[in-house]
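Enquirer: My structure file model36.cif, mmCIF, C-alpha atoms; chains and numbers go by the auth columns, is below:
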```
data_work
#
loop_
_atom_site.group_PDB
_atom_site.id
_atom_site.type_symbol
_atom_site.label_atom_id
_atom_site.label_comp_id
_atom_site.label_asym_id
_atom_site.label_seq_id
_atom_site.Cartn_x
_atom_site.Cartn_y
_atom_site.Cartn_z
_atom_site.B_iso_or_equiv
_atom_site.auth_seq_id
_atom_site.auth_asym_id
ATOM 1 C CA MET A 1 147.866 58.505 99.932 0.00 33 A
ATOM 2 C CA VAL A 2 145.044 60.768 100.946 0.00 34 A
ATOM 3 C CA ASN A 3 144.469 63.908 98.944 0.00 35 A
ATOM 4 C CA ARG A 4 143.791 66.457 101.633 0.00 36 A
ATOM 5 C CA SER A 5 142.705 69.978 100.797 0.00 37 A
ATOM 6 C CA VAL A 6 143.499 72.910 103.091 0.00 38 A
ATOM 7 C CA ILE A 7 139.912 74.040 102.660 0.00 39 A
ATOM 8 C CA GLY A 8 138.093 70.725 102.886 0.00 40 A
ATOM 9 C CA ALA A 9 135.094 70.275 105.125 0.00 41 A
ATOM 10 C CA HIS A 10 136.970 68.394 107.879 0.00 42 A
ATOM 11 C CA TYR A 11 134.024 67.883 110.231 0.00 43 A
ATOM 12 C CA GLY A 12 131.129 66.855 108.040 0.00 44 A
ATOM 13 C CA LEU A 13 128.823 65.322 110.616 0.00 45 A
ATOM 14 C CA ARG A 14 129.235 68.108 113.161 0.00 46 A
ATOM 15 C CA ASP A 15 128.443 70.725 110.520 0.00 47 A
ATOM 16 C CA TRP A 16 125.552 68.666 109.187 0.00 48 A
ATOM 17 C CA VAL A 17 123.997 68.499 112.653 0.00 49 A
ATOM 18 C CA MET A 18 124.663 72.211 113.261 0.00 50 A
ATOM 19 C CA GLN A 19 122.846 73.023 109.998 0.00 51 A
ATOM 20 C CA ARG A 20 119.738 71.132 111.173 0.00 52 A
ATOM 21 C CA VAL A 21 119.758 72.425 114.759 0.00 53 A
ATOM 22 C CA THR A 22 120.159 76.063 113.682 0.00 54 A
ATOM 23 C CA ALA A 23 117.427 75.572 111.054 0.00 55 A
ATOM 24 C CA THR A 24 115.034 74.340 113.727 0.00 56 A
ATOM 25 C CA ILE A 25 115.827 77.346 115.949 0.00 57 A
ATOM 26 C CA MET A 26 115.028 79.687 113.038 0.00 58 A
ATOM 27 C CA VAL A 27 111.723 77.945 112.297 0.00 59 A
ATOM 28 C CA ILE A 28 110.639 78.269 115.934 0.00 60 A
ATOM 29 C CA TYR A 29 111.683 81.941 116.089 0.00 61 A
ATOM 30 C CA THR A 30 109.930 82.764 112.788 0.00 62 A
ATOM 31 C CA VAL A 31 106.652 81.137 113.823 0.00 63 A
ATOM 32 C CA ALA A 32 106.748 82.695 117.318 0.00 64 A
ATOM 33 C CA LEU A 33 107.521 86.176 115.940 0.00 65 A
ATOM 34 C CA ALA A 34 104.743 85.864 113.349 0.00 66 A
ATOM 35 C CA LEU A 35 102.248 84.899 116.086 0.00 67 A
ATOM 36 C CA PHE A 36 103.347 87.841 118.270 0.00 68 A
ATOM 37 C CA LEU A 37 103.080 90.264 115.362 0.00 69 A
ATOM 38 C CA LEU A 38 99.559 89.059 114.555 0.00 70 A
ATOM 39 C CA THR A 39 98.389 89.739 118.117 0.00 71 A
ATOM 40 C CA MET A 40 100.179 93.105 118.383 0.00 72 A
ATOM 41 C CA PRO A 41 98.747 96.465 117.303 0.00 73 A
ATOM 42 C CA SER A 42 100.681 97.271 114.111 0.00 74 A
ATOM 43 C CA SER A 43 102.240 100.599 115.019 0.00 75 A
ATOM 44 C CA TYR A 44 105.716 102.069 115.253 0.00 76 A
ATOM 45 C CA ALA A 45 105.391 102.470 119.040 0.00 77 A
ATOM 46 C CA GLY A 46 104.094 98.933 119.562 0.00 78 A
ATOM 47 C CA TRP A 47 106.960 97.436 117.565 0.00 79 A
ATOM 48 C CA LYS A 48 109.562 99.570 119.379 0.00 80 A
ATOM 49 C CA ASP A 49 108.211 98.643 122.820 0.00 81 A
ATOM 50 C CA PHE A 50 108.109 94.983 121.854 0.00 82 A
ATOM 51 C CA PHE A 51 111.718 95.054 120.739 0.00 83 A
ATOM 52 C CA ALA A 52 112.889 97.013 123.791 0.00 84 A
ATOM 53 C CA GLN A 53 112.215 94.012 126.041 0.00 85 A
ATOM 54 C CA THR A 54 115.313 92.104 127.119 0.00 86 A
ATOM 55 C CA TRP A 55 113.888 88.629 126.432 0.00 87 A
ATOM 56 C CA VAL A 56 113.003 89.638 122.859 0.00 88 A
ATOM 57 C CA GLN A 57 116.527 91.004 122.360 0.00 89 A
ATOM 58 C CA VAL A 58 118.162 87.901 123.842 0.00 90 A
ATOM 59 C CA LEU A 59 116.113 85.444 121.755 0.00 91 A
ATOM 60 C CA THR A 60 116.598 87.550 118.607 0.00 92 A
ATOM 61 C CA GLN A 61 120.363 87.699 119.086 0.00 93 A
ATOM 62 C CA THR A 62 120.527 83.963 119.792 0.00 94 A
ATOM 63 C CA THR A 63 118.532 83.234 116.642 0.00 95 A
ATOM 64 C CA LEU A 64 120.748 85.582 114.616 0.00 96 A
ATOM 65 C CA LEU A 65 123.801 83.693 115.862 0.00 97 A
ATOM 66 C CA ALA A 66 122.090 80.511 114.627 0.00 98 A
ATOM 67 C CA VAL A 67 121.479 82.252 111.278 0.00 99 A
ATOM 68 C CA PHE A 68 125.174 83.085 110.848 0.00 100 A
ATOM 69 C CA LEU A 69 126.328 79.557 111.740 0.00 101 A
ATOM 70 C CA HIS A 70 123.719 78.140 109.342 0.00 102 A
ATOM 71 C CA VAL A 71 124.811 80.496 106.569 0.00 103 A
ATOM 72 C CA TRP A 72 128.456 79.593 107.115 0.00 104 A
ATOM 73 C CA VAL A 73 127.828 75.877 106.542 0.00 105 A
ATOM 74 C CA GLY A 74 125.473 76.500 103.617 0.00 106 A
ATOM 75 C CA ILE A 75 127.613 78.995 101.720 0.00 107 A
ATOM 76 C CA ARG A 76 130.764 76.977 102.385 0.00 108 A
ATOM 77 C CA ASP A 77 129.015 73.971 100.801 0.00 109 A
ATOM 78 C CA VAL A 78 128.140 76.088 97.767 0.00 110 A
ATOM 79 C CA TRP A 79 131.796 77.173 97.321 0.00 111 A
ATOM 80 C CA MET A 80 132.980 73.566 97.791 0.00 112 A
ATOM 81 C CA ASP A 81 130.529 72.336 95.128 0.00 113 A
ATOM 82 C CA TYR A 82 131.196 74.887 92.403 0.00 114 A
ATOM 83 C CA ILE A 83 134.596 76.514 92.953 0.00 115 A
ATOM 84 C CA LYS A 84 137.409 74.156 92.052 0.00 116 A
ATOM 85 C CA PRO A 85 140.611 76.319 92.126 0.00 117 A
ATOM 86 C CA THR A 86 141.981 76.110 95.681 0.00 118 A
ATOM 87 C CA GLY A 87 143.201 79.717 95.849 0.00 119 A
ATOM 88 C CA LEU A 88 139.895 81.203 94.751 0.00 120 A
ATOM 89 C CA ARG A 89 137.992 78.923 97.106 0.00 121 A
ATOM 90 C CA LEU A 90 140.189 79.906 100.032 0.00 122 A
ATOM 91 C CA ALA A 91 139.637 83.576 99.195 0.00 123 A
ATOM 92 C CA LEU A 92 135.851 83.028 99.066 0.00 124 A
ATOM 93 C CA HIS A 93 135.901 81.179 102.388 0.00 125 A
ATOM 94 C CA ALA A 94 137.811 84.075 103.939 0.00 126 A
ATOM 95 C CA PHE A 95 135.398 86.598 102.381 0.00 127 A
ATOM 96 C CA THR A 96 132.417 84.647 103.754 0.00 128 A
ATOM 97 C CA ILE A 97 133.866 84.677 107.276 0.00 129 A
ATOM 98 C CA VAL A 98 134.596 88.424 107.160 0.00 130 A
ATOM 99 C CA TRP A 99 131.114 89.098 105.715 0.00 131 A
ATOM 100 C CA LEU A 100 129.380 87.027 108.404 0.00 132 A
ATOM 101 C CA VAL A 101 131.417 88.373 111.321 0.00 133 A
ATOM 102 C CA SER A 102 130.710 91.931 110.124 0.00 134 A
ATOM 103 C CA CYS A 103 127.007 91.144 109.850 0.00 135 A
ATOM 104 C CA PHE A 104 127.073 89.657 113.344 0.00 136 A
ATOM 105 C CA ILE A 105 128.713 92.776 114.839 0.00 137 A
ATOM 106 C CA TYR A 106 126.188 94.989 113.009 0.00 138 A
ATOM 107 C CA SER A 107 123.323 92.818 114.296 0.00 139 A
ATOM 108 C CA VAL A 108 124.585 93.234 117.900 0.00 140 A
ATOM 109 C CA LYS A 109 124.481 97.015 117.476 0.00 141 A
ATOM 110 C CA VAL A 110 120.964 96.921 116.021 0.00 142 A
ATOM 111 C CA VAL A 111 119.389 94.386 118.379 0.00 143 A
ATOM 112 C CA TRP A 112 120.677 96.082 121.536 0.00 144 A
ATOM 113 C CA GLY A 113 120.120 99.622 120.207 0.00 145 A
ATOM 114 C CA LEU A 114 123.773 100.628 120.717 0.00 146 A
ATOM 115 C CA MET B 1 142.216 54.685 90.585 0.00 212 B
ATOM 116 C CA GLN B 2 139.985 57.014 88.618 0.00 213 B
ATOM 117 C CA LYS B 3 136.730 55.431 87.494 0.00 214 B
ATOM 118 C CA GLN B 4 135.202 56.735 84.292 0.00 215 B
ATOM 119 C CA ARG B 5 131.483 56.920 84.768 0.00 216 B
ATOM 120 C CA PRO B 6 128.977 58.124 82.206 0.00 217 B
ATOM 121 C CA LYS B 7 127.918 61.698 82.874 0.00 218 B
ATOM 122 C CA HIS B 8 124.926 63.546 81.579 0.00 219 B
ATOM 123 C CA LEU B 9 125.306 67.118 82.711 0.00 220 B
ATOM 124 C CA ASP B 10 124.102 69.120 79.717 0.00 221 B
ATOM 125 C CA LEU B 11 122.110 71.760 81.566 0.00 222 B
ATOM 126 C CA ALA B 12 120.263 72.762 78.385 0.00 223 B
ATOM 127 C CA THR B 13 118.737 69.310 77.876 0.00 224 B
ATOM 128 C CA ILE B 14 118.297 68.135 81.470 0.00 225 B
ATOM 129 C CA ARG B 15 114.665 68.278 82.513 0.00 226 B
ATOM 130 C CA LEU B 16 114.861 68.737 86.256 0.00 227 B
ATOM 131 C CA PRO B 17 112.049 66.989 88.178 0.00 228 B
ATOM 132 C CA ILE B 18 110.059 69.129 90.628 0.00 229 B
ATOM 133 C CA PRO B 19 112.034 68.005 93.738 0.00 230 B
ATOM 134 C CA GLY B 20 115.189 68.999 91.847 0.00 231 B
ATOM 135 C CA ILE B 21 113.746 72.425 91.084 0.00 232 B
ATOM 136 C CA VAL B 22 112.854 72.912 94.756 0.00 233 B
ATOM 137 C CA SER B 23 116.378 71.864 95.703 0.00 234 B
ATOM 138 C CA ILE B 24 118.203 74.252 93.369 0.00 235 B
ATOM 139 C CA LEU B 25 115.849 77.098 94.307 0.00 236 B
ATOM 140 C CA HIS B 26 116.666 76.365 97.963 0.00 237 B
ATOM 141 C CA ARG B 27 120.294 76.960 97.069 0.00 238 B
ATOM 142 C CA VAL B 28 119.629 80.065 94.955 0.00 239 B
ATOM 143 C CA SER B 29 117.403 81.621 97.628 0.00 240 B
ATOM 144 C CA GLY B 30 119.996 80.814 100.304 0.00 241 B
ATOM 145 C CA VAL B 31 122.762 82.571 98.368 0.00 242 B
ATOM 146 C CA ALA B 32 120.470 85.566 97.707 0.00 243 B
ATOM 147 C CA LEU B 33 119.700 85.833 101.424 0.00 244 B
ATOM 148 C CA PHE B 34 123.421 85.566 102.257 0.00 245 B
ATOM 149 C CA PHE B 35 124.236 88.602 100.105 0.00 246 B
ATOM 150 C CA SER B 36 121.214 90.479 101.486 0.00 247 B
ATOM 151 C CA LEU B 37 122.094 90.015 105.170 0.00 248 B
ATOM 152 C CA PRO B 38 123.378 93.609 105.657 0.00 249 B
ATOM 153 C CA LEU B 39 120.236 94.966 103.971 0.00 250 B
ATOM 154 C CA LEU B 40 118.013 92.819 106.192 0.00 251 B
ATOM 155 C CA ILE B 41 119.791 93.983 109.351 0.00 252 B
ATOM 156 C CA TYR B 42 119.558 97.564 108.064 0.00 253 B
ATOM 157 C CA LEU B 43 115.787 97.099 107.678 0.00 254 B
ATOM 158 C CA LEU B 44 115.523 96.014 111.308 0.00 255 B
ATOM 159 C CA HIS B 45 117.770 98.932 112.264 0.00 256 B
ATOM 160 C CA GLY B 46 115.556 101.436 110.427 0.00 257 B
ATOM 161 C CA SER B 47 112.359 100.040 111.890 0.00 258 B
ATOM 162 C CA LEU B 48 113.753 100.574 115.410 0.00 259 B
ATOM 163 C CA SER B 49 115.282 104.023 114.815 0.00 260 B
ATOM 164 C CA SER B 50 114.148 107.297 116.383 0.00 261 B
ATOM 165 C CA ALA B 51 110.955 108.996 115.183 0.00 262 B
ATOM 166 C CA GLU B 52 112.776 111.434 112.809 0.00 263 B
ATOM 167 C CA SER B 53 115.027 108.886 111.131 0.00 264 B
ATOM 168 C CA PHE B 54 112.049 106.537 110.981 0.00 265 B
ATOM 169 C CA GLU B 55 110.454 108.883 108.420 0.00 266 B
ATOM 170 C CA THR B 56 113.582 108.710 106.247 0.00 267 B
ATOM 171 C CA TYR B 57 113.533 104.934 106.593 0.00 268 B
ATOM 172 C CA ARG B 58 109.880 104.883 105.554 0.00 269 B
ATOM 173 C CA ALA B 59 110.705 106.810 102.384 0.00 270 B
ATOM 174 C CA VAL B 60 113.556 104.392 101.565 0.00 271 B
ATOM 175 C CA VAL B 61 111.356 101.332 102.033 0.00 272 B
ATOM 176 C CA ALA B 62 108.458 102.902 100.090 0.00 273 B
ATOM 177 C CA HIS B 63 110.580 103.318 96.932 0.00 274 B
ATOM 178 C CA PRO B 64 109.125 101.064 94.178 0.00 275 B
ATOM 179 C CA LEU B 65 112.528 99.529 93.373 0.00 276 B
ATOM 180 C CA MET B 66 113.082 98.720 97.054 0.00 277 B
ATOM 181 C CA LYS B 67 109.597 97.199 97.239 0.00 278 B
ATOM 182 C CA ILE B 68 110.405 94.881 94.324 0.00 279 B
ATOM 183 C CA ILE B 69 113.682 93.824 95.987 0.00 280 B
ATOM 184 C CA LEU B 70 111.823 93.208 99.245 0.00 281 B
ATOM 185 C CA ILE B 71 109.163 91.082 97.513 0.00 282 B
ATOM 186 C CA GLY B 72 111.998 89.060 95.965 0.00 283 B
ATOM 187 C CA LEU B 73 113.654 88.575 99.355 0.00 284 B
ATOM 188 C CA LEU B 74 110.298 87.715 100.915 0.00 285 B
ATOM 189 C CA TRP B 75 109.899 84.929 98.357 0.00 286 B
ATOM 190 C CA ALA B 76 113.505 83.803 98.947 0.00 287 B
ATOM 191 C CA TYR B 77 112.832 83.549 102.685 0.00 288 B
ATOM 192 C CA MET B 78 109.494 81.760 102.232 0.00 289 B
ATOM 193 C CA HIS B 79 110.905 79.256 99.752 0.00 290 B
ATOM 194 C CA HIS B 80 114.022 78.590 101.830 0.00 291 B
ATOM 195 C CA PHE B 81 111.807 78.193 104.912 0.00 292 B
ATOM 196 C CA CYS B 82 109.280 75.784 103.349 0.00 293 B
ATOM 197 C CA ALA B 83 111.856 73.768 101.397 0.00 294 B
ATOM 198 C CA GLY B 84 114.039 73.625 104.525 0.00 295 B
ATOM 199 C CA ILE B 85 111.215 72.108 106.567 0.00 296 B
ATOM 200 C CA ARG B 86 110.697 69.548 103.786 0.00 297 B
ATOM 201 C CA PHE B 87 114.409 68.658 103.874 0.00 298 B
ATOM 202 C CA LEU B 88 114.293 68.229 107.657 0.00 299 B
ATOM 203 C CA PHE B 89 111.508 65.667 107.214 0.00 300 B
ATOM 204 C CA LEU B 90 113.458 63.897 104.452 0.00 301 B
ATOM 205 C CA ASP B 91 116.442 63.762 106.841 0.00 302 B
ATOM 206 C CA ILE B 92 114.376 61.759 109.332 0.00 303 B
ATOM 207 C CA HIS B 93 113.186 59.525 106.461 0.00 304 B
ATOM 208 C CA LYS B 94 109.691 60.937 106.227 0.00 305 B
ATOM 209 C CA GLY B 95 108.233 61.396 102.747 0.00 306 B
ATOM 210 C CA LEU B 96 110.935 59.572 100.817 0.00 307 B
ATOM 211 C CA GLU B 97 108.527 57.712 98.482 0.00 308 B
ATOM 212 C CA LEU B 98 108.616 59.084 94.948 0.00 309 B
ATOM 213 C CA GLN B 99 104.969 60.156 94.797 0.00 310 B
ATOM 214 C CA THR B 100 105.049 61.760 98.262 0.00 311 B
ATOM 215 C CA ALA B 101 108.353 63.516 97.519 0.00 312 B
ATOM 216 C CA ARG B 102 106.874 64.985 94.325 0.00 313 B
ATOM 217 C CA ALA B 103 103.710 66.058 96.087 0.00 314 B
ATOM 218 C CA THR B 104 105.563 67.757 98.960 0.00 315 B
ATOM 219 C CA ALA B 105 107.891 69.482 96.472 0.00 316 B
ATOM 220 C CA LYS B 106 104.873 70.890 94.632 0.00 317 B
ATOM 221 C CA THR B 107 103.368 71.947 97.951 0.00 318 B
ATOM 222 C CA VAL B 108 106.562 73.820 98.845 0.00 319 B
ATOM 223 C CA VAL B 109 106.477 75.774 95.563 0.00 320 B
ATOM 224 C CA VAL B 110 102.778 76.621 95.867 0.00 321 B
ATOM 225 C CA VAL B 111 102.766 77.461 99.593 0.00 322 B
ATOM 226 C CA SER B 112 105.850 79.702 99.414 0.00 323 B
ATOM 227 C CA LEU B 113 104.435 81.576 96.418 0.00 324 B
ATOM 228 C CA ALA B 114 101.050 81.916 98.145 0.00 325 B
ATOM 229 C CA LEU B 115 102.639 83.203 101.365 0.00 326 B
ATOM 230 C CA THR B 116 104.735 85.683 99.358 0.00 327 B
ATOM 231 C CA LEU B 117 101.615 86.901 97.565 0.00 328 B
ATOM 232 C CA ILE B 118 99.529 87.231 100.741 0.00 329 B
ATOM 233 C CA LEU B 119 102.258 88.945 102.793 0.00 330 B
ATOM 234 C CA GLY B 120 103.374 90.993 99.794 0.00 331 B
ATOM 235 C CA VAL B 121 99.878 92.364 99.189 0.00 332 B
ATOM 236 C CA ALA B 122 99.365 92.987 102.915 0.00 333 B
ATOM 237 C CA LEU B 123 102.672 94.862 103.262 0.00 334 B
ATOM 238 C CA TRP B 124 102.626 96.754 99.940 0.00 335 B
#
```
Mind turning the file's structure into structure tokens?
Expert:
Amino acid sequence: MVNRSVIGAHYGLRDWVMQRVTATIMVIYTVALALFLLTMPSSYAGWKDFFAQTWVQVLTQTTLLAVFLHVWVGIRDVWMDYIKPTGLRLALHAFTIVWLVSCFIYSVKVVWGL
Amino acid sequence: MQKQRPKHLDLATIRLPIPGIVSILHRVSGVALFFSLPLLIYLLHGSLSSAESFETYRAVVAHPLMKIILIGLLWAYMHHFCAGIRFLFLDIHKGLELQTARATAKTVVVVSLALTLILGVALW
């Protein structure tokens, strides 16, 4: 008899790999952005022009998608470790998804200047 | 079959070794960043807004309370970043020896605090 939980991890290895891949994407983006910022004149106009370029927007949005996937796995692990009552855990999982999807939609608006 | 194993989980008497401290701070900083995501996106939003609303944004960010929150988040990011890189190396079995693991854990604490200080002073 296997004790299965409706909010178990299900796909441990896939999520584990996703956590590492998305982490690597964020490291690369952070270092690249820091290098660009160091070589750029630090002004409002310079920053706006930099961010108006399509390739900057595309890579930023891609990295932000990686952030949200990374956060999903990480926060879900935190709930699984500390929250034992199934109902509360399910509610927190649902909250996390709504929170992250909302953040993603907001980030699309901001990155593309909509 | 439920095995009864001895547990020692009295948080008041456990003395966490430095890699353990780095690990729990990785978790704490991650949760802090999770709850701050809307604020962080708002900060990007404000920095890219039109010239008039940019002035309002500047006033918001210049508020001392906001500056303290931002320094806290800066540390959270730096710690999560440095500790995360350390964990990636541990995942590929680099730096698993006790002495090395302790040394890299110390390095993570020091480097993330130093980066927070340097960037914090530069941005304040």
Enquirer: Find, counting only C-alpha atoms, the residue in B:Ala314, B:Ile282, B:Ala273, B:Leu236 that gets nearest to B:Thr327.
Expert: B:Ile282
Enquirer: Please measure the separation of atom CA of B:Phe298 and atom CA of A:Trp111, giving the value in Å to one decimal.
Expert: 20.4 Å
Enquirer: Please evaluate the PyMOL selection byres ((chain A) within 7 of (chain B)) against the displayed coordinates and give the resulting residues as a PyMOL selection string.
Expert: chain A and resi 80+103+107+135+139+142
Enquirer: Suppose you want the space between atom CA of A:Asp47 and atom CA of A:Val99; what is it in Å?
Expert: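 About the pair atom CA of A:Asp47 and atom CA of A:Val99: they are 13.5 Å apart.
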Enquirer: Restricting the calculation to only C-alpha atoms: of A:Ala123, A:Ile129, A:Ala84, A:Leu65, which residue gets closest to A:Val38?
Expert: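 For A:Val38, the nearest of the candidates is A:Ala123.
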Enquirer: Please measure the separation of atom CA of A:Leu96 and atom CA of B:Gly283, giving the value in Å to one decimal.
Expert: 20.9 Å
Enquirer: If you count all atoms listed in the file, which residues fall within 12 Å of A:Val90, apart from same-chain ones fewer than 4 positions away, as a PyMOL selection string?
Expert: chain A and resi 61+83-86+94-97+139-140+143-144
Enquirer: Determine the nearest neighbour of A:Asp109 from the options A:Thr56, A:Asn35, A:Gln51, A:Thr92, counting all atoms listed in the file.
Expert: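 Using all atoms listed in the file, the shortest distance to A:Asp109 belongs to A:Gln51.
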Enquirer: Could you tell me, as a ChimeraX atom specification, exactly which residues end up selected when the PyMOL selection byres ((chain B and resi 231-233) around 9) is applied to this structure?
Expert: /B:227-230,234-238,290,294,316-317,319-320
Enquirer: Would you compute, for all listed atoms of stretch 230-238 of chain B, the axis-aligned bounding box grown by 6 Å on each side, and then report its centre and edge lengths in Å rounded to one decimal, as JSON?
Expert:
```
{"center_x": 116.2, "center_y": 72.6, "center_z": 94.5, "size_x": 20.3, "size_y": 21.1, "size_z": 18.9}
```
Enquirer: Could you add N, CA, C and O atoms to stretch 298-316 of chain B and give me the result as an mmCIF file, in the coordinates of the input?
Expert:
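And here is the file that came out, out_22.cif:
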```cif
data_model
loop_
_atom_site.group_PDB
_atom_site.id
_atom_site.type_symbol
_atom_site.label_atom_id
_atom_site.label_comp_id
_atom_site.auth_asym_id
_atom_site.auth_seq_id
_atom_site.Cartn_x
_atom_site.Cartn_y
_atom_site.Cartn_z
ATOM 1 N N PHE B 298 113.138 69.383 103.790
ATOM 2 C CA PHE B 298 114.409 68.658 103.874
ATOM 3 C C PHE B 298 114.609 68.053 105.263
ATOM 4 O O PHE B 298 115.171 66.959 105.391
ATOM 5 N N LEU B 299 114.159 68.773 106.296
ATOM 6 C CA LEU B 299 114.293 68.229 107.657
ATOM 7 C C LEU B 299 113.500 66.925 107.787
ATOM 8 O O LEU B 299 113.965 65.965 108.403
ATOM 9 N N PHE B 300 112.306 66.899 107.171
ATOM 10 C CA PHE B 300 111.508 65.667 107.214
ATOM 11 C C PHE B 300 112.170 64.552 106.407
ATOM 12 O O PHE B 300 112.185 63.396 106.827
ATOM 13 N N LEU B 301 112.754 64.913 105.250
ATOM 14 C CA LEU B 301 113.458 63.897 104.452
ATOM 15 C C LEU B 301 114.627 63.328 105.246
ATOM 16 O O LEU B 301 114.929 62.136 105.174
ATOM 17 N N ASP B 302 115.299 64.201 106.024
ATOM 18 C CA ASP B 302 116.442 63.762 106.841
ATOM 19 C C ASP B 302 116.045 62.694 107.846
ATOM 20 O O ASP B 302 116.848 61.813 108.171
ATOM 21 N N ILE B 303 114.816 62.793 108.386
ATOM 22 C CA ILE B 303 114.376 61.759 109.332
ATOM 23 C C ILE B 303 113.552 60.686 108.608
ATOM 24 O O ILE B 303 112.715 60.010 109.209
ATOM 25 N N HIS B 304 113.781 60.574 107.289
ATOM 26 C CA HIS B 304 113.186 59.525 106.461
ATOM 27 C C HIS B 304 111.669 59.580 106.401
ATOM 28 O O HIS B 304 111.002 58.550 106.357
ATOM 29 N N LYS B 305 111.137 60.787 106.429
ATOM 30 C CA LYS B 305 109.691 60.937 106.227
ATOM 31 C C LYS B 305 109.469 61.508 104.823
ATOM 32 O O LYS B 305 110.105 62.497 104.447
ATOM 33 N N GLY B 306 108.580 60.893 104.072
ATOM 34 C CA GLY B 306 108.233 61.396 102.747
ATOM 35 C C GLY B 306 109.258 61.076 101.683
ATOM 36 O O GLY B 306 109.464 61.851 100.764
ATOM 37 N N LEU B 307 109.909 59.928 101.798
ATOM 38 C CA LEU B 307 110.935 59.572 100.817
ATOM 39 C C LEU B 307 110.365 58.915 99.565
ATOM 40 O O LEU B 307 111.021 58.863 98.538
ATOM 41 N N GLU B 308 109.122 58.384 99.635
ATOM 42 C CA GLU B 308 108.527 57.712 98.482
ATOM 43 C C GLU B 308 108.390 58.706 97.327
ATOM 44 O O GLU B 308 108.091 59.874 97.552
ATOM 45 N N LEU B 309 108.584 58.205 96.117
ATOM 46 C CA LEU B 309 108.616 59.084 94.948
ATOM 47 C C LEU B 309 107.385 59.980 94.850
ATOM 48 O O LEU B 309 107.500 61.203 94.694
ATOM 49 N N GLN B 310 106.198 59.360 94.961
ATOM 50 C CA GLN B 310 104.969 60.156 94.797
ATOM 51 C C GLN B 310 104.843 61.225 95.884
ATOM 52 O O GLN B 310 104.500 62.376 95.612
ATOM 53 N N THR B 311 105.130 60.812 97.150
ATOM 54 C CA THR B 311 105.049 61.760 98.262
ATOM 55 C C THR B 311 106.058 62.881 98.078
ATOM 56 O O THR B 311 105.747 64.055 98.269
ATOM 57 N N ALA B 312 107.296 62.516 97.685
ATOM 58 C CA ALA B 312 108.353 63.516 97.519
ATOM 59 C C ALA B 312 107.957 64.536 96.459
ATOM 60 O O ALA B 312 108.190 65.738 96.616
ATOM 61 N N ARG B 313 107.322 64.058 95.369
ATOM 62 C CA ARG B 313 106.874 64.985 94.325
ATOM 63 C C ARG B 313 105.763 65.886 94.832
ATOM 64 O O ARG B 313 105.755 67.088 94.570
ATOM 65 N N ALA B 314 104.845 65.282 95.578
ATOM 66 C CA ALA B 314 103.710 66.058 96.087
ATOM 67 C C ALA B 314 104.181 67.140 97.064
ATOM 68 O O ALA B 314 103.737 68.292 96.982
ATOM 69 N N THR B 315 105.102 66.758 97.990
ATOM 70 C CA THR B 315 105.563 67.757 98.960
ATOM 71 C C THR B 315 106.375 68.850 98.261
ATOM 72 O O THR B 315 106.312 70.016 98.646
ATOM 73 N N ALA B 316 107.123 68.472 97.202
ATOM 74 C CA ALA B 316 107.891 69.482 96.472
ATOM 75 C C ALA B 316 106.948 70.495 95.831
ATOM 76 O O ALA B 316 107.178 71.707 95.897
#
```
